[in-house]
Structures are given as C-alpha cells and as structure tokens.
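A.B. asks: Below is the file run.pdb, with PDB, C-alpha atoms and all ligand atoms.
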```pdb
ATOM      1  CA  MET W 290     112.835  83.778 117.239
ATOM      2  CA  ALA W 291     113.140  87.220 115.740
ATOM      3  CA  LYS W 292     111.344  88.139 112.542
ATOM      4  CA  ILE W 293     113.858  89.867 110.311
ATOM      5  CA  PHE W 294     112.863  92.488 107.752
ATOM      6  CA  CYS W 295     114.766  94.616 105.281
ATOM      7  CA  VAL W 296     113.495  98.069 104.454
ATOM      8  CA  ALA W 297     114.595  98.367 100.853
ATOM      9  CA  ASN W 298     114.044 100.322  97.669
ATOM     10  CA  GLN W 299     116.927 101.004  95.308
ATOM     11  CA  LYS W 300     115.497 104.447  94.646
ATOM     12  CA  GLY W 301     117.102 107.173  96.767
ATOM     13  CA  GLY W 302     115.238 109.407  99.185
ATOM     14  CA  VAL W 303     111.951 107.473  99.193
ATOM     15  CA  GLY W 304     111.726 107.213 102.981
ATOM     16  CA  LYS W 305     113.582 103.972 103.829
ATOM     17  CA  THR W 306     115.459 105.362 106.808
ATOM     18  CA  THR W 307     112.456 107.274 108.119
ATOM     19  CA  THR W 308     110.432 104.063 107.893
ATOM     20  CA  THR W 309     113.120 101.938 109.596
ATOM     21  CA  VAL W 310     113.705 104.153 112.631
ATOM     22  CA  ASN W 311     110.041 105.028 113.149
ATOM     23  CA  LEU W 312     108.852 101.449 112.768
ATOM     24  CA  ALA W 313     111.585 100.390 115.220
ATOM     25  CA  ALA W 314     110.425 103.051 117.679
ATOM     26  CA  GLY W 315     106.756 102.196 117.114
ATOM     27  CA  LEU W 316     107.384  98.487 117.705
ATOM     28  CA  ALA W 317     109.377  99.272 120.855
ATOM     29  CA  LYS W 318     106.541 101.465 122.038
ATOM     30  CA  VAL W 319     104.062  98.600 121.765
ATOM     31  CA  GLY W 320     106.367  96.337 123.777
ATOM     32  CA  GLN W 321     108.402  94.539 121.117
ATOM     33  CA  ARG W 322     112.127  93.843 121.497
ATOM     34  CA  VAL W 323     113.818  95.393 118.465
ATOM     35  CA  LEU W 324     117.271  95.474 116.895
ATOM     36  CA  MET W 325     117.786  98.095 114.169
ATOM     37  CA  ILE W 326     120.654  97.477 111.760
ATOM     38  CA  ASP W 327     122.021 100.322 109.652
ATOM     39  CA  LEU W 328     123.421  98.867 106.418
ATOM     40  CA  ASP W 329     123.989 102.251 104.774
ATOM     41  CA  PRO W 330     127.426 103.947 104.934
ATOM     42  CA  GLN W 331     125.541 107.265 105.123
ATOM     43  CA  GLY W 332     124.735 106.246 108.730
ATOM     44  CA  ASN W 333     121.447 108.170 108.734
ATOM     45  CA  ALA W 334     119.523 105.526 110.672
ATOM     46  CA  THR W 335     122.319 105.485 113.273
ATOM     47  CA  MET W 336     122.251 109.263 113.737
ATOM     48  CA  GLY W 337     118.441 109.289 113.574
ATOM     49  CA  SER W 338     118.397 106.854 116.500
ATOM     50  CA  GLY W 339     120.501 109.137 118.687
ATOM     51  CA  VAL W 340     123.862 107.400 118.200
ATOM     52  CA  ASP W 341     126.800 109.487 116.970
ATOM     53  CA  LYS W 342     128.235 107.525 114.031
ATOM     54  CA  ARG W 343     131.595 109.333 114.330
ATOM     55  CA  LYS W 344     132.105 108.089 117.874
ATOM     56  CA  LEU W 345     131.228 104.450 117.296
ATOM     57  CA  GLU W 346     134.143 102.075 117.836
ATOM     58  CA  LEU W 347     132.398  99.018 116.478
ATOM     59  CA  THR W 348     129.792  98.981 113.719
ATOM     60  CA  VAL W 349     128.073  96.607 111.327
ATOM     61  CA  TYR W 350     131.288  96.831 109.294
ATOM     62  CA  ASP W 351     133.156  94.902 112.003
ATOM     63  CA  VAL W 352     130.334  92.360 112.122
ATOM     64  CA  LEU W 353     130.459  91.813 108.341
ATOM     65  CA  LEU W 354     134.229  91.346 108.466
ATOM     66  CA  GLU W 355     133.876  89.051 111.501
ATOM     67  CA  SER W 356     136.098  91.154 113.727
ATOM     68  CA  ALA W 357     133.204  91.682 116.187
ATOM     69  CA  SER W 358     129.950  89.980 117.128
ATOM     70  CA  ILE W 359     126.572  91.731 117.276
ATOM     71  CA  PRO W 360     126.544  91.711 121.125
ATOM     72  CA  GLU W 361     129.945  93.423 121.048
ATOM     73  CA  ALA W 362     129.024  96.002 118.413
ATOM     74  CA  ARG W 363     125.422  96.963 119.242
ATOM     75  CA  ALA W 364     124.705 100.271 120.927
ATOM     76  CA  GLN W 365     121.855 101.909 122.825
ATOM     77  CA  SER W 366     120.673 105.470 122.941
ATOM     78  CA  ASP W 367     119.730 107.438 126.059
ATOM     79  CA  LYS W 368     117.535 109.691 123.953
ATOM     80  CA  LEU W 369     115.418 106.742 122.860
ATOM     81  CA  LYS W 370     115.130 105.544 126.452
ATOM     82  CA  GLU W 371     113.896 108.970 127.528
ATOM     83  CA  GLY W 372     111.408 108.872 124.655
ATOM     84  CA  GLY W 373     110.012 105.550 125.935
ATOM     85  CA  CYS W 374     110.805 103.606 122.794
ATOM     86  CA  SER W 375     114.195 102.023 123.248
ATOM     87  CA  TYR W 376     115.684  99.646 120.700
ATOM     88  CA  ASP W 377     119.186  98.307 120.087
ATOM     89  CA  ILE W 378     121.250  99.763 117.267
ATOM     90  CA  LEU W 379     123.897  98.130 115.139
ATOM     91  CA  GLY W 380     125.307 101.297 113.652
ATOM     92  CA  ALA W 381     127.121 102.256 110.479
ATOM     93  CA  ASN W 382     129.436 104.981 109.282
ATOM     94  CA  ARG W 383     131.589 105.748 106.248
ATOM     95  CA  GLU W 384     133.892 102.850 107.012
ATOM     96  CA  LEU W 385     131.128 100.565 105.753
ATOM     97  CA  ALA W 386     131.641 101.828 102.193
ATOM     98  CA  GLY W 387     134.930  99.891 102.173
ATOM     99  CA  ALA W 388     133.285  96.627 103.194
ATOM    100  CA  GLU W 389     132.029  96.036  99.687
ATOM    101  CA  VAL W 390     135.563  95.888  98.282
ATOM    102  CA  GLU W 391     137.091  94.108 101.260
ATOM    103  CA  MET W 392     134.464  91.383 101.103
ATOM    104  CA  VAL W 393     135.014  90.558  97.422
ATOM    105  CA  GLU W 394     137.643  87.958  98.259
ATOM    106  CA  LEU W 395     135.744  86.367 101.128
ATOM    107  CA  GLU W 396     133.758  83.162 101.031
ATOM    108  CA  ARG W 397     129.999  83.218 101.791
ATOM    109  CA  ARG W 398     130.248  86.974 101.666
ATOM    110  CA  GLU W 399     126.534  87.500 101.096
ATOM    111  CA  LYS W 400     125.658  85.464 104.220
ATOM    112  CA  ARG W 401     127.861  87.223 106.761
ATOM    113  CA  LEU W 402     125.072  89.187 108.391
ATOM    114  CA  LYS W 403     122.738  86.194 108.470
ATOM    115  CA  GLN W 404     125.365  84.187 110.300
ATOM    116  CA  ALA W 405     126.008  86.916 112.839
ATOM    117  CA  LEU W 406     122.270  87.298 113.494
ATOM    118  CA  ALA W 407     121.905  83.625 114.426
ATOM    119  CA  GLU W 408     123.598  84.402 117.740
ATOM    120  CA  VAL W 409     121.027  87.025 118.827
ATOM    121  CA  ASN W 410     117.909  85.597 117.221
ATOM    122  CA  ASP W 411     116.215  84.755 120.527
ATOM    123  CA  GLN W 412     116.900  88.182 122.060
ATOM    124  CA  TYR W 413     114.535  90.091 119.771
ATOM    125  CA  ASP W 414     111.013  89.984 118.361
ATOM    126  CA  PHE W 415     111.946  92.111 115.347
ATOM    127  CA  VAL W 416     115.143  92.920 113.499
ATOM    128  CA  LEU W 417     114.825  95.812 111.024
ATOM    129  CA  ILE W 418     117.537  96.455 108.458
ATOM    130  CA  ASP W 419     117.867  99.849 106.772
ATOM    131  CA  CYS W 420     119.306  99.257 103.284
ATOM    132  CA  PRO W 421     121.238 101.725 101.122
ATOM    133  CA  PRO W 422     119.704 103.012  97.859
ATOM    134  CA  SER W 423     121.379 100.392  95.681
ATOM    135  CA  LEU W 424     121.317  96.683  95.023
ATOM    136  CA  SER W 425     124.854  96.185  96.344
ATOM    137  CA  MET W 426     126.636  93.494  98.367
ATOM    138  CA  LEU W 427     125.421  95.310 101.466
ATOM    139  CA  THR W 428     121.782  95.152 100.384
ATOM    140  CA  LEU W 429     122.354  91.527  99.365
ATOM    141  CA  ASN W 430     123.542  90.731 102.902
ATOM    142  CA  GLY W 431     120.328  92.280 104.179
ATOM    143  CA  LEU W 432     118.160  90.315 101.742
ATOM    144  CA  CYS W 433     119.944  87.035 102.551
ATOM    145  CA  SER W 434     119.278  87.540 106.277
ATOM    146  CA  ALA W 435     115.622  88.486 106.056
ATOM    147  CA  HIS W 436     112.253  86.771 106.124
ATOM    148  CA  GLY W 437     110.810  89.593 104.130
ATOM    149  CA  VAL W 438     111.089  93.024 102.609
ATOM    150  CA  ILE W 439     109.162  96.163 103.468
ATOM    151  CA  VAL W 440     109.139  98.547 100.510
ATOM    152  CA  PRO W 441     108.431 102.205 101.253
ATOM    153  CA  MET W 442     107.291 104.129  98.211
ATOM    154  CA  GLN W 443     105.974 107.480  97.199
ATOM    155  CA  CYS W 444     102.876 107.412  95.041
ATOM    156  CA  GLU W 445     104.442 109.104  92.036
ATOM    157  CA  TYR W 446     104.310 108.560  88.331
ATOM    158  CA  PHE W 447     107.393 106.311  88.006
ATOM    159  CA  ALA W 448     106.809 104.423  91.255
ATOM    160  CA  LEU W 449     105.529 101.221  89.640
ATOM    161  CA  GLU W 450     108.308 101.182  87.076
ATOM    162  CA  GLY W 451     110.952 101.444  89.801
ATOM    163  CA  LEU W 452     109.412  98.472  91.587
ATOM    164  CA  THR W 453     110.127  96.076  88.718
ATOM    165  CA  ASP W 454     113.890  95.992  89.387
ATOM    166  CA  LEU W 455     113.371  95.415  93.073
ATOM    167  CA  VAL W 456     110.799  92.674  92.510
ATOM    168  CA  ASN W 457     113.185  90.922  90.082
ATOM    169  CA  THR W 458     116.082  91.159  92.511
ATOM    170  CA  ILE W 459     113.965  89.706  95.297
ATOM    171  CA  LYS W 460     112.916  86.831  92.988
ATOM    172  CA  GLN W 461     116.563  86.099  92.163
ATOM    173  CA  VAL W 462     117.677  86.160  95.769
ATOM    174  CA  LYS W 463     114.771  83.891  96.681
ATOM    175  CA  ALA W 464     115.649  81.422  93.920
ATOM    176  CA  ASN W 465     119.390  81.312  94.622
ATOM    177  CA  LEU W 466     120.188  82.375  98.157
ATOM    178  CA  ASN W 467     117.219  82.700 100.508
ATOM    179  CA  ASP W 468     114.126  80.627  99.926
ATOM    180  CA  ASP W 469     112.290  82.411 102.778
ATOM    181  CA  LEU W 470     112.372  85.807 101.137
ATOM    182  CA  GLN W 471     109.142  87.536 100.179
ATOM    183  CA  ILE W 472     107.749  91.015  99.887
ATOM    184  CA  ILE W 473     105.858  91.601 103.130
ATOM    185  CA  GLY W 474     104.294  94.730 101.845
ATOM    186  CA  LEU W 475     104.423  98.063 100.097
ATOM    187  CA  LEU W 476     104.142 101.061 102.390
ATOM    188  CA  ARG W 477     102.770 104.282 100.972
ATOM    189  CA  VAL W 478     104.811 107.122 102.463
ATOM    190  CA  MET W 479     104.916 110.937 102.240
ATOM    191  CA  PHE W 480     101.325 110.659 101.118
ATOM    192  CA  ASP W 481      99.287 113.769 100.391
ATOM    193  CA  PRO W 482      95.628 112.866  99.684
ATOM    194  CA  ARG W 483      94.988 116.282  98.150
ATOM    195  CA  ILE W 484      97.156 115.375  95.184
ATOM    196  CA  THR W 485      94.998 113.547  92.646
ATOM    197  CA  LEU W 486      97.952 111.777  91.038
ATOM    198  CA  GLN W 487      98.938 110.260  94.383
ATOM    199  CA  GLN W 488      95.406 108.913  94.831
ATOM    200  CA  GLN W 489      95.512 107.438  91.324
ATOM    201  CA  VAL W 490      98.895 105.760  91.849
ATOM    202  CA  SER W 491      97.714 104.486  95.224
ATOM    203  CA  ASP W 492      94.667 102.906  93.528
ATOM    204  CA  GLN W 493      96.921 101.372  90.862
ATOM    205  CA  LEU W 494      99.160  99.905  93.535
ATOM    206  CA  LYS W 495      96.212  98.254  95.233
ATOM    207  CA  ALA W 496      94.923  96.925  91.898
ATOM    208  CA  HIS W 497      98.343  95.400  91.080
ATOM    209  CA  PHE W 498      99.497  94.219  94.483
ATOM    210  CA  GLY W 499      96.251  93.745  96.462
ATOM    211  CA  ASP W 500      96.964  92.527 100.014
ATOM    212  CA  LYS W 501     100.640  93.317  99.632
ATOM    213  CA  VAL W 502      99.826  96.993 100.110
ATOM    214  CA  PHE W 503      99.782  97.849 103.824
ATOM    215  CA  ASP W 504      96.543  99.374 105.121
ATOM    216  CA  THR W 505      98.435 102.069 107.001
ATOM    217  CA  VAL W 506      99.393 105.133 104.981
ATOM    218  CA  ILE W 507     102.180 107.448 106.187
ATOM    219  CA  PRO W 508     101.280 111.095 105.530
ATOM    220  CA  ARG W 509     103.732 113.789 104.523
ATOM    221  CA  ASN W 510     104.427 115.379 107.884
ATOM    222  CA  VAL W 511     107.048 117.972 108.713
ATOM    223  CA  ARG W 512     107.643 116.598 112.232
ATOM    224  CA  LEU W 513     108.983 113.352 110.717
ATOM    225  CA  ALA W 514     111.447 115.387 108.655
ATOM    226  CA  GLU W 515     112.519 117.536 111.609
ATOM    227  CA  ALA W 516     113.076 114.670 114.055
ATOM    228  CA  PRO W 517     116.456 113.396 112.653
ATOM    229  CA  SER W 518     118.148 116.711 113.403
ATOM    230  CA  TYR W 519     117.336 116.025 117.085
ATOM    231  CA  GLY W 520     118.720 112.480 116.813
ATOM    232  CA  LEU W 521     115.286 110.947 117.295
ATOM    233  CA  PRO W 522     112.648 109.087 115.292
ATOM    234  CA  GLY W 523     109.469 111.145 114.883
ATOM    235  CA  VAL W 524     107.649 108.625 117.098
ATOM    236  CA  ALA W 525     109.837 109.747 120.027
ATOM    237  CA  PHE W 526     110.326 113.373 119.001
ATOM    238  CA  ASP W 527     106.656 114.326 118.731
ATOM    239  CA  PRO W 528     104.390 111.390 119.623
ATOM    240  CA  SER W 529     101.221 113.396 119.025
ATOM    241  CA  SER W 530     102.108 114.346 115.440
ATOM    242  CA  ARG W 531     100.178 112.717 112.606
ATOM    243  CA  GLY W 532     103.359 111.148 111.272
ATOM    244  CA  ALA W 533     104.235 109.554 114.610
ATOM    245  CA  GLN W 534     100.711 108.241 115.079
ATOM    246  CA  ALA W 535     100.755 106.714 111.602
ATOM    247  CA  PHE W 536     103.987 104.865 112.376
ATOM    248  CA  VAL W 537     102.612 103.509 115.654
ATOM    249  CA  ALA W 538      99.563 102.307 113.703
ATOM    250  CA  PHE W 539     101.934 100.719 111.188
ATOM    251  CA  ALA W 540     103.823  98.973 114.005
ATOM    252  CA  LYS W 541     100.533  97.497 115.228
ATOM    253  CA  GLU W 542      99.644  96.409 111.691
ATOM    254  CA  MET W 543     103.039  94.669 111.415
ATOM    255  CA  VAL W 544     102.563  92.842 114.719
ATOM    256  CA  ALA W 545      99.132  91.656 113.553
ATOM    257  CA  ARG W 546     100.395  90.562 110.114
ATOM    258  CA  ILE W 547     103.344  88.711 111.536
ATOM    259  CA  GLY W 548     101.154  87.046 114.128
ATOM    260  CA  ALA W 549      98.940  85.845 111.269
ATOM    261  CA  MET W 550     101.990  84.631 109.282
ATOM    262  CA  SER W 551     103.563  82.424 111.932
TER     263      SER W 551
HETATM  264  P1  LIG W 601     118.383 107.278 100.973
HETATM  265  O1  LIG W 601     118.023 106.562  99.707
HETATM  266  O2  LIG W 601     119.306 108.443 100.758
HETATM  267  O3  LIG W 601     118.860 106.356 102.038
HETATM  268  P2  LIG W 601     115.817 107.170 102.220
HETATM  269  O4  LIG W 601     115.062 106.328 101.258
HETATM  270  O5  LIG W 601     116.348 106.508 103.434
HETATM  271  O6  LIG W 601     117.001 107.949 101.495
HETATM  272  P3  LIG W 601     114.750 109.165 104.001
HETATM  273  O7  LIG W 601     116.115 109.646 104.374
HETATM  274  O8  LIG W 601     113.999 108.390 104.987
HETATM  275  O9  LIG W 601     114.845 108.375 102.625
HETATM  276  O10 LIG W 601     113.817 110.373 103.559
HETATM  277  C1  LIG W 601     114.219 111.322 102.576
HETATM  278  C2  LIG W 601     113.806 112.720 103.064
HETATM  279  O11 LIG W 601     112.398 112.810 103.153
HETATM  280  C3  LIG W 601     114.351 113.046 104.436
HETATM  281  O12 LIG W 601     114.706 114.399 104.471
HETATM  282  C4  LIG W 601     113.168 112.770 105.356
HETATM  283  O13 LIG W 601     113.206 113.534 106.532
HETATM  284  C5  LIG W 601     112.005 113.156 104.457
HETATM  285  N1  LIG W 601     110.782 112.386 104.788
HETATM  286  C6  LIG W 601     110.661 111.042 104.826
HETATM  287  N2  LIG W 601     109.406 110.664 105.124
HETATM  288  C7  LIG W 601     108.691 111.813 105.286
HETATM  289  C8  LIG W 601     107.321 112.107 105.592
HETATM  290  N3  LIG W 601     106.402 111.124 105.793
HETATM  291  N4  LIG W 601     106.950 113.405 105.666
HETATM  292  C9  LIG W 601     107.852 114.390 105.463
HETATM  293  N5  LIG W 601     109.139 114.188 105.159
HETATM  294  C10 LIG W 601     109.568 112.916 105.069
HETATM  295 MG    MG W 602     118.331 106.070 103.962
END
```
Please express what this file holds, its structure, as structure tokens.
Ligand code: ATP
Ligand code: MG
C.D. replies:
Amino acid sequence: MAKIFCVANQKGGVGKTTTTVNLAAGLAKVGQRVLMIDLDPQGNATMGSGVDKRKLELTVYDVLLESASIPEARAQSDKLKEGGCSYDILGANRELAGAEVEMVELERREKRLKQALAEVNDQYDFVLIDCPPSLSMLTLNGLCSAHGVIVPMQCEYFALEGLTDLVNTIKQVKANLNDDLQIIGLLRVMFDPRITLQQQVSDQLKAHFGDKVFDTVIPRNVRLAEAPSYGLPGVAFDPSSRGAQAFVAFAKEMVARIGAMS
C-alpha cells in the first residue's frame, strides 16, 4: 500500500515543486516505487520531471473529471531513466485551471483524486503530490487523498505566521473529510546557515514544532535551481551537488520515518 503525501504551502515560491521532484527522484534512487502527481496548472513539476506538458494528451485533469484512469494518464520520462531515478508522472498543464470551475457541480468533488488512487495503491511505495500555492479545490483533492503533508518552508521572518493558515486548513480537512491527515513534517529549504535570522527562525521552528521538523536541511544551492531548465530534478542533474545529496538524505529520512509510522 502506497504512502501518499502532499507537498503543500499556500505561500508561493517556497520550494514545493523543487521538494516534490527531488524527493521523488531521491526515493526512486534508494529503490522506492514512486508516483509523482502534479496538481498545479503551472505544470512545473511535470516539466521538471522531463515531461513536456504541452504534448501530454492525458493529465491529472482527465483523472479528476473521470475521463481517464491513472494507468491511462500516467507518463514516464527517458531523462529520468538515464539519470537512474525513474518515477511515474501524472502530469498537469493549463487545462487543469478549468477543473476547479468544471468540478463545482460534481458530487464528491473533493474526493476524486483519492478514488482514482485506490486503483494504483499497490503499485507504489510512495505517491507525492505537488500542490499549487493556494488552498483551492485542487489542493483540497490532494489533502483528501493523503496520509500526510510535507511542508517546505524558508526560515524567514513571516514563516511561522504563514503556517497558521495551513495548520488550520489541515485541522479542518482532518475533522471533516480525511481523518488520516497529519503534518508529517516541516522541511527547511533554501537554507543559508550564514544568515543569523535563518538560524534564529530555524531554532524557533524546532521549539514550536519539535519532532515535526525534519532533521534534514536543504541548503540554498544553485544546481537545484538550474536543473528544471534541463527537465530534470537536481538529484538526477548533478548527483554530487550539495542540494542533490541533501534530497537523497531527505529521502532516506522519509523512508525511516514512514517505516517507524506503520
Ligand atoms: P509555486 O508556489 O509557484 O508553485 P514553489 O513553492 O513550487 O513555487 P519552487 O518552484 O520549487 O517553489 O521554487 C521557487 C524557486 O526557487 C525556483 O526558481 C527554484 O529553482 C528555486 N529553488 C528552490 N529550492 C532551491 C534551493 N534549495 N536552492 C536554490 N534555489 C532553489
Ligand atoms: Mg510549484
């Protein structure tokens, strides 16, 4: 049975997509079977996994509207295979922006993805869902499907404040729609230890959230930022870079945590 995680933070540009594709690649590298789902109409996680969003005939949009199943719509990337960290991709493109409106009339609209995932549950060890920077019907579909949420965050002044909305949303979804849901952990990303403020916020995070803060810290690393323009996660693009190594360490931490959970 796959463990299903959303990578979510309603704040834009905090590193959700970078975390999703690199964790997917890191998990694949350590032998896990992974499905990556792009729930963002921007399609960055799709492109960053080596799949051209403009050429996709079937996407997560078709799955949400029940005009295709996940086995029909998932794709694979030759680039990832060459990089030795292959995972399946349920892609997204601009079409997905319309799903929100088209789903308004539908019944059980927040559980569409969950239902579709039931069919492939035994084919994967991990399903990772890249959420858009909003608390929309798309994000809600992600949260309803998941066992937990991974929250990437930058250690900046307003970081804790921004978390309150997300924590409240997760509580509401747990109470009303998905009793399983919990925060798996907060992941410190784009971290620069030379910046005193980042150290201070990091300490505050640990004081507030204790064990919910992952041990692994993802450094600011230019190779992680360059990799998407080659259609690859940093883990595949430059495995020896500090950023890639941090994500492989994070993948191992996830495997250990999940092993301890179940
Ligand atoms: P959005 O809210 O738009 O979906 P996001 O939360 O998915 O954004 P990313 O796209 O992952 O954020 O990252 C934002 C930018 O920061 C990107 O240009 C990415 O390449 C860069 N970036 C992310 N993580 C790192 C890192 N550890 N080091 C350097 N650059 C990074
Ligand atoms: Mg993103």
A.B. asks: Since I can't run it myself right now, could you work out what the PyMOL selection byres (((chain W and resi 458) around 12) and not hetatm) selects here and report it as a PyMOL selection string?
C.D. replies: chain W and resi 297-299+423-425+428-429+432-433+438+451-457+459-467+470-472
A.B. asks: Considering all atoms listed in the file, can you say which of W:Val340, W:Ala405, W:Val319, W:Met442 comes closest to ligand LIG 601 (chain W)?
C.D. replies: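 The shortest atom-to-atom distance to ligand LIG 601 (chain W) comes from W:Met442.
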A.B. asks: Counting all atoms listed in the file, select every polymer residue within 12 Å of (134.6, 104.1, 105.7) as defined in the file's coordinates, and provide the selection as an MDAnalysis selection string.
C.D. replies: chainID W and resid 329:332 342:343 348:351 381:391
A.B. asks: Which of these, W:Gln321, W:Gln534, W:Asn333, W:Ser491, has the shortest distance to ligand LIG 601 (chain W) once you count all atoms listed in the file?
C.D. replies: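 Looking at the shortest contact to ligand LIG 601 (chain W), the residue is W:Asn333.
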A.B. asks: What do you get as a list in words if you pick all residues at most 7 Å from ligand MG 602 (chain W), counting only C-alpha atoms and all ligand atoms?
C.D. replies: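 Going residue by residue within 7 Å of ligand MG 602 (chain W), we get Gly302, Gly304, Lys305, Thr306, Asp329, Asn333, Ala334, Asp419, Cys420, Pro421 and Pro422 of chain W.
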A.B. asks: Please extract the residues at most 7 Å from ligand LIG 601 (chain W), counting all atoms listed in the file, and provide them as a list in words, using the chain letters and residue numbers of this document.
C.D. replies: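 Final answer, ordered by chain and number: Lys300, Gly301, Gly302, Val303, Gly304, Lys305, Thr306, Thr307, Thr308, Pro421, Pro422, Val478, Met479, Phe480, Ile507, Pro508, Arg509, Asn510, Val511, Leu513, Ala514, Glu515, Pro517 and Gly532 of chain W.
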A.B. asks: Could you work out an axis-aligned bounding box for all listed atoms of range 460-475 of chain W, with 8 Å added on each of the six sides, and give its centre and edge lengths in Å to one decimal, as AutoDock Vina command-line options?
C.D. replies:
```
--center_x 112.2 --center_y 89.3 --center_z 97.6 --size_x 31.9 --size_y 33.4 --size_z 27.0
```
A.B. asks: Given the file shown, determine the residues that the PyMOL selection byres (((chain W and resi 337) around 8) and not hetatm) selects; report them as a list in words.
C.D. replies: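 With the shown file as input, the PyMOL selection byres (((chain W and resi 337) around 8) and not hetatm) matches Val310, Asn333, Ala334, Thr335, Met336, Ser338, Gly339, Val340, Ala516, Pro517, Ser518, Tyr519, Gly520, Leu521 and Pro522 of chain W.
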A.B. asks: Show which residues sit within 12 Å of Ala538 in chain W, as a list in words. Count all atoms listed in the file, and ignore same-chain residues fewer than 5 positions away.
C.D. replies: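 Everything that qualifies: Asn311, Leu312, Ala314, Gly315, Leu316, Lys318, Val319, Phe503, Asp504, Thr505, Val506, Ile507, Val524, Pro528, Arg531, Gly532, Ala533, Met543, Val544 and Ala545 of chain W.
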A.B. asks: Apply the PyMOL selection byres (((chain W and resi 325) around 8) and not hetatm) to the structure shown and report the selected residues as a PyMOL selection string.
C.D. replies: chain W and resi 309-310+313+323-324+326-327+376-379+416-419
A.B. asks: Contacts of Lys292 in chain W at 9 Å or less, counting all atoms listed in the file, minus same-chain residues fewer than 6 places along, as number ranges by chain?
C.D. replies: W: 410, 413-417, 435-437, 547
A.B. asks: Save the residues we just selected, C-alpha atoms, as a PDB file, in the coordinates of the input?
C.D. replies:
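Dumped to again31.pdb:
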```pdb
ATOM      1  CA  ASN W 410     117.909  85.597 117.221  1.00  0.00           C
ATOM      2  CA  TYR W 413     114.535  90.091 119.771  1.00  0.00           C
ATOM      3  CA  ASP W 414     111.013  89.984 118.361  1.00  0.00           C
ATOM      4  CA  PHE W 415     111.946  92.111 115.347  1.00  0.00           C
ATOM      5  CA  VAL W 416     115.143  92.920 113.499  1.00  0.00           C
ATOM      6  CA  LEU W 417     114.825  95.812 111.024  1.00  0.00           C
ATOM      7  CA  ALA W 435     115.622  88.486 106.056  1.00  0.00           C
ATOM      8  CA  HIS W 436     112.253  86.771 106.124  1.00  0.00           C
ATOM      9  CA  GLY W 437     110.810  89.593 104.130  1.00  0.00           C
ATOM     10  CA  ILE W 547     103.344  88.711 111.536  1.00  0.00           C
TER      11      ILE W 547
END
```
A.B. asks: Which residue out of W:Cys374, W:Ile359, W:Leu354, W:Gln489 has the minimum interatomic distance to Arg322 in chain W when all atoms listed in the file are used?
C.D. replies: W:Cys374
